[in-house]
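Content type mmCIF, C-alpha atoms, from the file model.cif:
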data_input
#
loop_
_atom_site.group_PDB
_atom_site.id
_atom_site.type_symbol
_atom_site.label_atom_id
_atom_site.label_comp_id
_atom_site.auth_asym_id
_atom_site.auth_seq_id
_atom_site.Cartn_x
_atom_site.Cartn_y
_atom_site.Cartn_z
ATOM 1 C CA GLY A 18 191.196 49.509 -56.261
ATOM 2 C CA ALA A 19 191.361 48.363 -59.899
ATOM 3 C CA VAL A 20 191.693 44.653 -59.222
ATOM 4 C CA VAL A 21 191.518 41.983 -61.877
ATOM 5 C CA SER A 22 190.812 38.490 -60.597
ATOM 6 C CA GLN A 23 192.110 35.696 -62.831
ATOM 7 C CA HIS A 24 191.148 32.036 -62.492
ATOM 8 C CA PRO A 25 192.318 29.373 -62.394
ATOM 9 C CA SER A 26 195.826 30.119 -61.208
ATOM 10 C CA TRP A 27 197.024 26.835 -62.605
ATOM 11 C CA VAL A 28 195.523 24.025 -64.633
ATOM 12 C CA ILE A 29 196.706 20.724 -66.027
ATOM 13 C CA CYS A 30 194.759 19.263 -68.910
ATOM 14 C CA LYS A 31 195.033 16.413 -71.356
ATOM 15 C CA SER A 32 196.029 17.004 -74.932
ATOM 16 C CA GLY A 33 192.988 17.629 -77.103
ATOM 17 C CA THR A 34 190.804 19.113 -74.394
ATOM 18 C CA SER A 35 189.807 22.756 -73.980
ATOM 19 C CA VAL A 36 190.554 25.063 -71.094
ATOM 20 C CA LYS A 37 188.815 28.301 -70.152
ATOM 21 C CA ILE A 38 190.560 31.098 -68.293
ATOM 22 C CA GLU A 39 188.495 33.877 -66.724
ATOM 23 C CA CYS A 40 189.404 37.419 -65.849
ATOM 24 C CA ARG A 41 187.018 39.568 -63.839
ATOM 25 C CA SER A 42 187.397 43.215 -63.020
ATOM 26 C CA LEU A 43 186.202 43.459 -59.430
ATOM 27 C CA ASP A 44 185.818 47.166 -58.780
ATOM 28 C CA PHE A 45 185.856 48.850 -62.151
ATOM 29 C CA GLN A 46 184.558 48.379 -65.660
ATOM 30 C CA ALA A 47 187.091 46.959 -68.070
ATOM 31 C CA THR A 48 186.148 48.220 -71.491
ATOM 32 C CA THR A 49 189.297 46.722 -72.944
ATOM 33 C CA MET A 50 191.112 43.580 -71.846
ATOM 34 C CA PHE A 51 194.494 42.463 -73.100
ATOM 35 C CA TRP A 52 195.650 38.854 -73.148
ATOM 36 C CA TYR A 53 199.325 38.006 -72.947
ATOM 37 C CA ARG A 54 201.333 34.828 -73.107
ATOM 38 C CA GLN A 55 204.637 34.366 -71.347
ATOM 39 C CA PHE A 56 207.113 31.578 -71.972
ATOM 40 C CA PRO A 57 209.627 30.680 -69.250
ATOM 41 C CA LYS A 58 212.213 33.381 -68.692
ATOM 42 C CA GLN A 59 210.792 35.468 -71.520
ATOM 43 C CA SER A 60 208.769 38.618 -71.853
ATOM 44 C CA LEU A 61 205.040 39.007 -72.220
ATOM 45 C CA MET A 62 203.786 38.668 -75.757
ATOM 46 C CA LEU A 63 200.474 40.310 -76.563
ATOM 47 C CA MET A 64 198.068 37.758 -78.000
ATOM 48 C CA ALA A 65 194.913 39.780 -78.462
ATOM 49 C CA THR A 66 192.943 42.816 -77.432
ATOM 50 C CA SER A 67 189.296 42.392 -76.584
ATOM 51 C CA ASN A 68 186.684 45.123 -76.348
ATOM 52 C CA GLU A 69 183.401 44.581 -74.589
ATOM 53 C CA GLY A 70 180.691 43.536 -76.977
ATOM 54 C CA SER A 71 182.869 43.149 -80.055
ATOM 55 C CA LYS A 72 185.249 40.653 -81.595
ATOM 56 C CA ALA A 73 188.773 40.474 -80.313
ATOM 57 C CA THR A 74 191.702 41.754 -82.331
ATOM 58 C CA TYR A 75 194.453 39.170 -82.567
ATOM 59 C CA GLU A 76 198.134 39.824 -83.022
ATOM 60 C CA GLN A 77 199.892 38.438 -86.048
ATOM 61 C CA GLY A 78 200.661 34.766 -85.691
ATOM 62 C CA VAL A 79 198.028 34.066 -83.026
ATOM 63 C CA GLU A 80 195.409 31.524 -84.119
ATOM 64 C CA LYS A 81 192.027 33.043 -83.395
ATOM 65 C CA ASP A 82 190.266 29.701 -83.797
ATOM 66 C CA LYS A 83 192.512 28.156 -81.191
ATOM 67 C CA PHE A 84 192.502 30.976 -78.670
ATOM 68 C CA LEU A 85 188.870 32.038 -78.342
ATOM 69 C CA ILE A 86 188.318 35.299 -76.524
ATOM 70 C CA ASN A 87 184.952 36.440 -75.250
ATOM 71 C CA HIS A 88 184.284 39.801 -73.645
ATOM 72 C CA ALA A 89 180.548 39.793 -73.224
ATOM 73 C CA SER A 90 180.383 42.162 -70.260
ATOM 74 C CA LEU A 91 182.323 45.044 -68.804
ATOM 75 C CA THR A 92 183.530 42.889 -65.922
ATOM 76 C CA LEU A 93 184.328 39.547 -67.534
ATOM 77 C CA SER A 94 186.646 38.411 -70.298
ATOM 78 C CA THR A 95 187.504 34.799 -71.030
ATOM 79 C CA LEU A 96 190.215 33.037 -73.001
ATOM 80 C CA THR A 97 189.511 29.490 -74.122
ATOM 81 C CA VAL A 98 192.374 27.385 -75.387
ATOM 82 C CA THR A 99 190.717 24.868 -77.692
ATOM 83 C CA SER A 100 192.119 21.430 -78.481
ATOM 84 C CA ALA A 101 195.130 22.155 -76.344
ATOM 85 C CA HIS A 102 198.502 20.633 -77.159
ATOM 86 C CA PRO A 103 201.730 20.496 -75.158
ATOM 87 C CA GLU A 104 203.123 23.466 -77.089
ATOM 88 C CA ASP A 105 200.275 25.572 -75.678
ATOM 89 C CA SER A 106 201.700 25.105 -72.203
ATOM 90 C CA SER A 107 202.539 28.562 -70.972
ATOM 91 C CA PHE A 108 201.707 31.319 -68.518
ATOM 92 C CA TYR A 109 198.708 33.372 -69.608
ATOM 93 C CA ILE A 110 198.046 36.809 -68.135
ATOM 94 C CA CYS A 111 195.195 39.241 -68.651
ATOM 95 C CA SER A 112 195.414 42.984 -68.239
ATOM 96 C CA ALA A 113 192.975 45.865 -68.248
ATOM 97 C CA ARG A 114 193.427 49.547 -68.788
ATOM 98 C CA VAL A 115 192.404 51.637 -65.793
ATOM 99 C CA ARG A 116 191.163 54.964 -67.034
ATOM 100 C CA SER A 117 191.264 56.713 -63.694
ATOM 101 C CA ASN A 118 195.045 56.809 -63.596
ATOM 102 C CA TYR A 119 195.916 55.739 -67.122
ATOM 103 C CA GLY A 120 197.615 52.686 -65.728
ATOM 104 C CA TYR A 121 197.198 49.019 -66.342
ATOM 105 C CA THR A 122 196.270 46.308 -63.902
ATOM 106 C CA PHE A 123 197.112 42.641 -64.331
ATOM 107 C CA GLY A 124 195.576 39.369 -63.317
ATOM 108 C CA SER A 125 197.725 36.994 -61.305
ATOM 109 C CA GLY A 126 198.219 34.713 -64.283
ATOM 110 C CA THR A 127 197.293 31.140 -65.201
ATOM 111 C CA ARG A 128 199.888 28.421 -65.549
ATOM 112 C CA LEU A 129 198.614 26.002 -68.197
ATOM 113 C CA THR A 130 200.264 22.612 -68.563
ATOM 114 C CA VAL A 131 199.071 20.309 -71.308
ATOM 115 C CA VAL A 132 200.062 16.682 -70.938
ATOM 116 C CA GLY B 212 207.012 50.352 -84.450
ATOM 117 C CA ASP B 213 207.402 51.128 -80.801
ATOM 118 C CA SER B 214 209.823 49.013 -78.801
ATOM 119 C CA VAL B 215 211.538 48.709 -75.438
ATOM 120 C CA THR B 216 215.075 47.500 -74.870
ATOM 121 C CA GLN B 217 216.358 46.632 -71.434
ATOM 122 C CA MET B 218 219.633 45.260 -70.255
ATOM 123 C CA GLU B 219 220.206 41.557 -70.324
ATOM 124 C CA GLY B 220 220.245 39.737 -67.048
ATOM 125 C CA PRO B 221 220.576 38.125 -64.736
ATOM 126 C CA VAL B 222 221.789 40.791 -62.368
ATOM 127 C CA THR B 223 223.298 39.370 -59.206
ATOM 128 C CA LEU B 224 223.920 41.678 -56.255
ATOM 129 C CA SER B 225 224.667 41.505 -52.583
ATOM 130 C CA GLU B 226 222.243 42.983 -50.122
ATOM 131 C CA GLU B 227 222.555 46.784 -49.749
ATOM 132 C CA ALA B 228 224.265 47.151 -53.140
ATOM 133 C CA PHE B 229 223.227 49.834 -55.635
ATOM 134 C CA LEU B 230 220.994 48.721 -58.492
ATOM 135 C CA THR B 231 220.660 50.068 -62.014
ATOM 136 C CA ILE B 232 218.654 48.382 -64.735
ATOM 137 C CA ASN B 233 218.889 50.197 -68.042
ATOM 138 C CA CYS B 234 215.876 50.720 -70.260
ATOM 139 C CA THR B 235 215.634 52.603 -73.532
ATOM 140 C CA TYR B 236 212.675 52.977 -75.813
ATOM 141 C CA THR B 237 211.662 53.805 -79.349
ATOM 142 C CA ALA B 238 208.328 55.487 -79.900
ATOM 143 C CA THR B 239 206.665 57.621 -82.515
ATOM 144 C CA GLY B 240 204.824 59.830 -80.057
ATOM 145 C CA TYR B 241 205.120 60.712 -76.391
ATOM 146 C CA PRO B 242 204.588 57.497 -74.477
ATOM 147 C CA SER B 243 203.998 56.846 -70.836
ATOM 148 C CA LEU B 244 206.707 54.670 -69.296
ATOM 149 C CA PHE B 245 206.370 51.974 -66.674
ATOM 150 C CA TRP B 246 208.352 49.543 -64.593
ATOM 151 C CA TYR B 247 206.623 46.338 -63.539
ATOM 152 C CA VAL B 248 207.882 43.633 -61.184
ATOM 153 C CA GLN B 249 207.046 39.940 -61.362
ATOM 154 C CA TYR B 250 207.708 37.595 -58.470
ATOM 155 C CA PRO B 251 208.021 33.855 -59.211
ATOM 156 C CA GLY B 252 204.748 32.303 -60.315
ATOM 157 C CA GLU B 253 202.826 35.554 -60.049
ATOM 158 C CA GLY B 254 201.401 38.205 -62.315
ATOM 159 C CA LEU B 255 202.812 41.680 -62.794
ATOM 160 C CA GLN B 256 202.703 44.477 -60.281
ATOM 161 C CA LEU B 257 203.173 48.113 -61.185
ATOM 162 C CA LEU B 258 206.320 49.403 -59.537
ATOM 163 C CA LEU B 259 206.351 52.962 -60.841
ATOM 164 C CA LYS B 260 205.462 55.058 -63.835
ATOM 165 C CA ALA B 261 206.082 58.403 -65.518
ATOM 166 C CA THR B 262 203.819 60.064 -68.034
ATOM 167 C CA LYS B 263 205.909 62.906 -69.429
ATOM 168 C CA ALA B 264 209.488 64.017 -69.919
ATOM 169 C CA ASP B 265 211.505 64.733 -66.760
ATOM 170 C CA ASP B 266 208.921 63.065 -64.550
ATOM 171 C CA LYS B 267 210.393 60.867 -61.845
ATOM 172 C CA GLY B 268 208.488 57.801 -60.742
ATOM 173 C CA SER B 269 209.294 56.346 -57.358
ATOM 174 C CA ASN B 270 208.062 53.564 -55.112
ATOM 175 C CA LYS B 271 209.542 51.333 -52.396
ATOM 176 C CA GLY B 272 212.953 52.947 -52.790
ATOM 177 C CA PHE B 273 213.021 52.445 -56.561
ATOM 178 C CA GLU B 274 213.257 55.440 -58.875
ATOM 179 C CA ALA B 275 213.257 56.084 -62.607
ATOM 180 C CA THR B 276 213.343 59.354 -64.515
ATOM 181 C CA TYR B 277 211.765 59.849 -67.939
ATOM 182 C CA ARG B 278 214.578 61.172 -70.115
ATOM 183 C CA LYS B 279 213.262 62.239 -73.486
ATOM 184 C CA GLU B 280 216.647 63.404 -74.771
ATOM 185 C CA THR B 281 218.173 59.967 -74.285
ATOM 186 C CA THR B 282 214.881 58.035 -74.660
ATOM 187 C CA SER B 283 215.628 56.252 -71.425
ATOM 188 C CA PHE B 284 213.886 55.226 -68.214
ATOM 189 C CA HIS B 285 216.550 53.523 -66.114
ATOM 190 C CA LEU B 286 215.499 51.881 -62.861
ATOM 191 C CA GLU B 287 217.611 52.554 -59.764
ATOM 192 C CA LYS B 288 217.611 51.654 -56.102
ATOM 193 C CA GLY B 289 220.206 52.744 -53.612
ATOM 194 C CA SER B 290 220.203 49.666 -51.405
ATOM 195 C CA VAL B 291 218.635 46.412 -52.553
ATOM 196 C CA GLN B 292 217.187 43.751 -50.289
ATOM 197 C CA VAL B 293 216.826 40.010 -50.727
ATOM 198 C CA SER B 294 213.087 40.557 -51.075
ATOM 199 C CA ASP B 295 213.727 42.614 -54.234
ATOM 200 C CA SER B 296 214.717 39.444 -56.095
ATOM 201 C CA ALA B 297 212.305 39.251 -59.020
ATOM 202 C CA VAL B 298 211.999 39.937 -62.736
ATOM 203 C CA TYR B 299 211.693 43.584 -63.711
ATOM 204 C CA PHE B 300 209.994 44.699 -66.912
ATOM 205 C CA CYS B 301 210.224 48.093 -68.542
ATOM 206 C CA ALA B 302 207.187 48.981 -70.650
ATOM 207 C CA LEU B 303 205.638 51.785 -72.617
ATOM 208 C CA SER B 304 202.207 52.838 -73.727
ATOM 209 C CA GLU B 305 201.363 55.401 -76.358
ATOM 210 C CA GLY B 306 198.403 56.314 -74.240
ATOM 211 C CA GLN B 307 195.549 55.986 -76.649
ATOM 212 C CA ALA B 308 192.526 54.157 -75.370
ATOM 213 C CA GLY B 309 192.708 50.489 -76.197
ATOM 214 C CA THR B 310 196.480 50.448 -76.604
ATOM 215 C CA ALA B 311 198.336 47.589 -74.953
ATOM 216 C CA LEU B 312 201.600 47.892 -73.096
ATOM 217 C CA ILE B 313 204.766 47.047 -74.983
ATOM 218 C CA PHE B 314 207.262 45.230 -72.802
ATOM 219 C CA GLY B 315 210.985 44.820 -72.748
ATOM 220 C CA LYS B 316 212.368 41.305 -72.348
ATOM 221 C CA GLY B 317 212.686 41.565 -68.595
ATOM 222 C CA THR B 318 215.701 41.560 -66.304
ATOM 223 C CA THR B 319 216.092 39.014 -63.546
ATOM 224 C CA LEU B 320 217.483 40.401 -60.310
ATOM 225 C CA SER B 321 218.921 38.081 -57.694
ATOM 226 C CA VAL B 322 219.961 39.544 -54.350
ATOM 227 C CA SER B 323 221.912 37.485 -51.846
ATOM 228 C CA SER B 324 222.410 38.147 -48.161
#
Translate the structure of the given file into structure tokens.
Amino acid sequence: GAVVSQHPSWVICKSGTSVKIECRSLDFQATTMFWYRQFPKQSLMLMATSNEGSKATYEQGVEKDKFLINHASLTLSTLTVTSAHPEDSSFYICSARVRSNYGYTFGSGTRLTVV
Amino acid sequence: GDSVTQMEGPVTLSEEAFLTINCTYTATGYPSLFWYVQYPGEGLQLLLKATKADDKGSNKGFEATYRKETTSFHLEKGSVQVSDSAVYFCALSEGQAGTALIFGKGTTLSVSS
């Protein structure tokens, strides 16, 4: 139980285009979704916290106009990287809090490469 | 603010060797503590967790004990396998609803046969 499905698993896009990453909670309701970014051989850095039906809360230094987060339902949260540039290339991972056991479940991640 | 510090890697071991990955934390309250594992190109999988002092989390031969007096949550395994090669992350959560996990920098483990 408590599965988060993240798509796509990898994407290559041209500089200047936008990319949408989806995370769906398959068997539970994700009131809160967390979005992380991971650079090679580094830890996960929290980008933003999104709550269903409200605006996301972004961490300091994260451009909210560049990384658009939508959490319109209890089972779907999306991250859109707008006007992507090569420096946005990274591994993006979503995570949801699972109330039943106070744990966290993670999506499988999206490898974004901007060329 | 809260933080997690784990030992620098990479850790290179032979199969069946004993593993310890140190993790210490700083927190204002009484956090829950976690170890996650990440295999190449994949997301994170929960390995084990502990929610209060003196709790021992265990899974797949890995163990970690929540030590409040030393603010530590060291990961151990008595006999590692090649399949244990991965990146291990120590993390904490203060437990309030809507609070994200705070991660350590990760430790890469490489096990050779």
Practice prompt. Taking the file above as input, evaluate the PyMOL selection byres ((chain B) within 12 of (chain A)) and report the hits as a PyMOL selection string.
Written response: chain B and resi 215-217+219-221+242-262+297-319
Point (188.0, 38.4, -64.2), cut-off 6 Å, counting all atoms listed in the file, residues as an mmCIF file with C-alpha atoms, keeping the file's coordinate frame:
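Output saved as selection.cif:
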data_model
loop_
_atom_site.group_PDB
_atom_site.id
_atom_site.type_symbol
_atom_site.label_atom_id
_atom_site.label_comp_id
_atom_site.auth_asym_id
_atom_site.auth_seq_id
_atom_site.Cartn_x
_atom_site.Cartn_y
_atom_site.Cartn_z
ATOM 1 C CA VAL A 21 191.518 41.983 -61.877
ATOM 2 C CA SER A 22 190.812 38.490 -60.597
ATOM 3 C CA GLN A 23 192.110 35.696 -62.831
ATOM 4 C CA GLU A 39 188.495 33.877 -66.724
ATOM 5 C CA CYS A 40 189.404 37.419 -65.849
ATOM 6 C CA ARG A 41 187.018 39.568 -63.839
ATOM 7 C CA SER A 42 187.397 43.215 -63.020
ATOM 8 C CA LEU A 93 184.328 39.547 -67.534
#
Discussion item. Let me make sure I understand: among B:Gly240, B:Lys267, B:His285, B:Arg278, which one has the smallest atom-to-atom distance to Met218 (chain B) if we use only C-alpha atoms?
Written reply: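 Selected residue with least distance to Met218 (chain B): B:His285.
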Worksheet entry | Straight-line distance linking CA of His24 (chain A) with CA of Lys72 (chain A), stated in Å to one decimal |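 That distance, rounded to one decimal, is 21.8 Å.
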Discussion item. For the provided coordinates, the residues matched by the PyMOL selection byres ((chain A and resi 82) around 12) should be stated as a ChimeraX atom specification.
Written reply: /A:73,75,78-81,83-86,96-101
Worksheet item: By how many Å are CA of Thr235 (chain B) and CA of Lys288 (chain B) apart?
Response: 17.6 Å
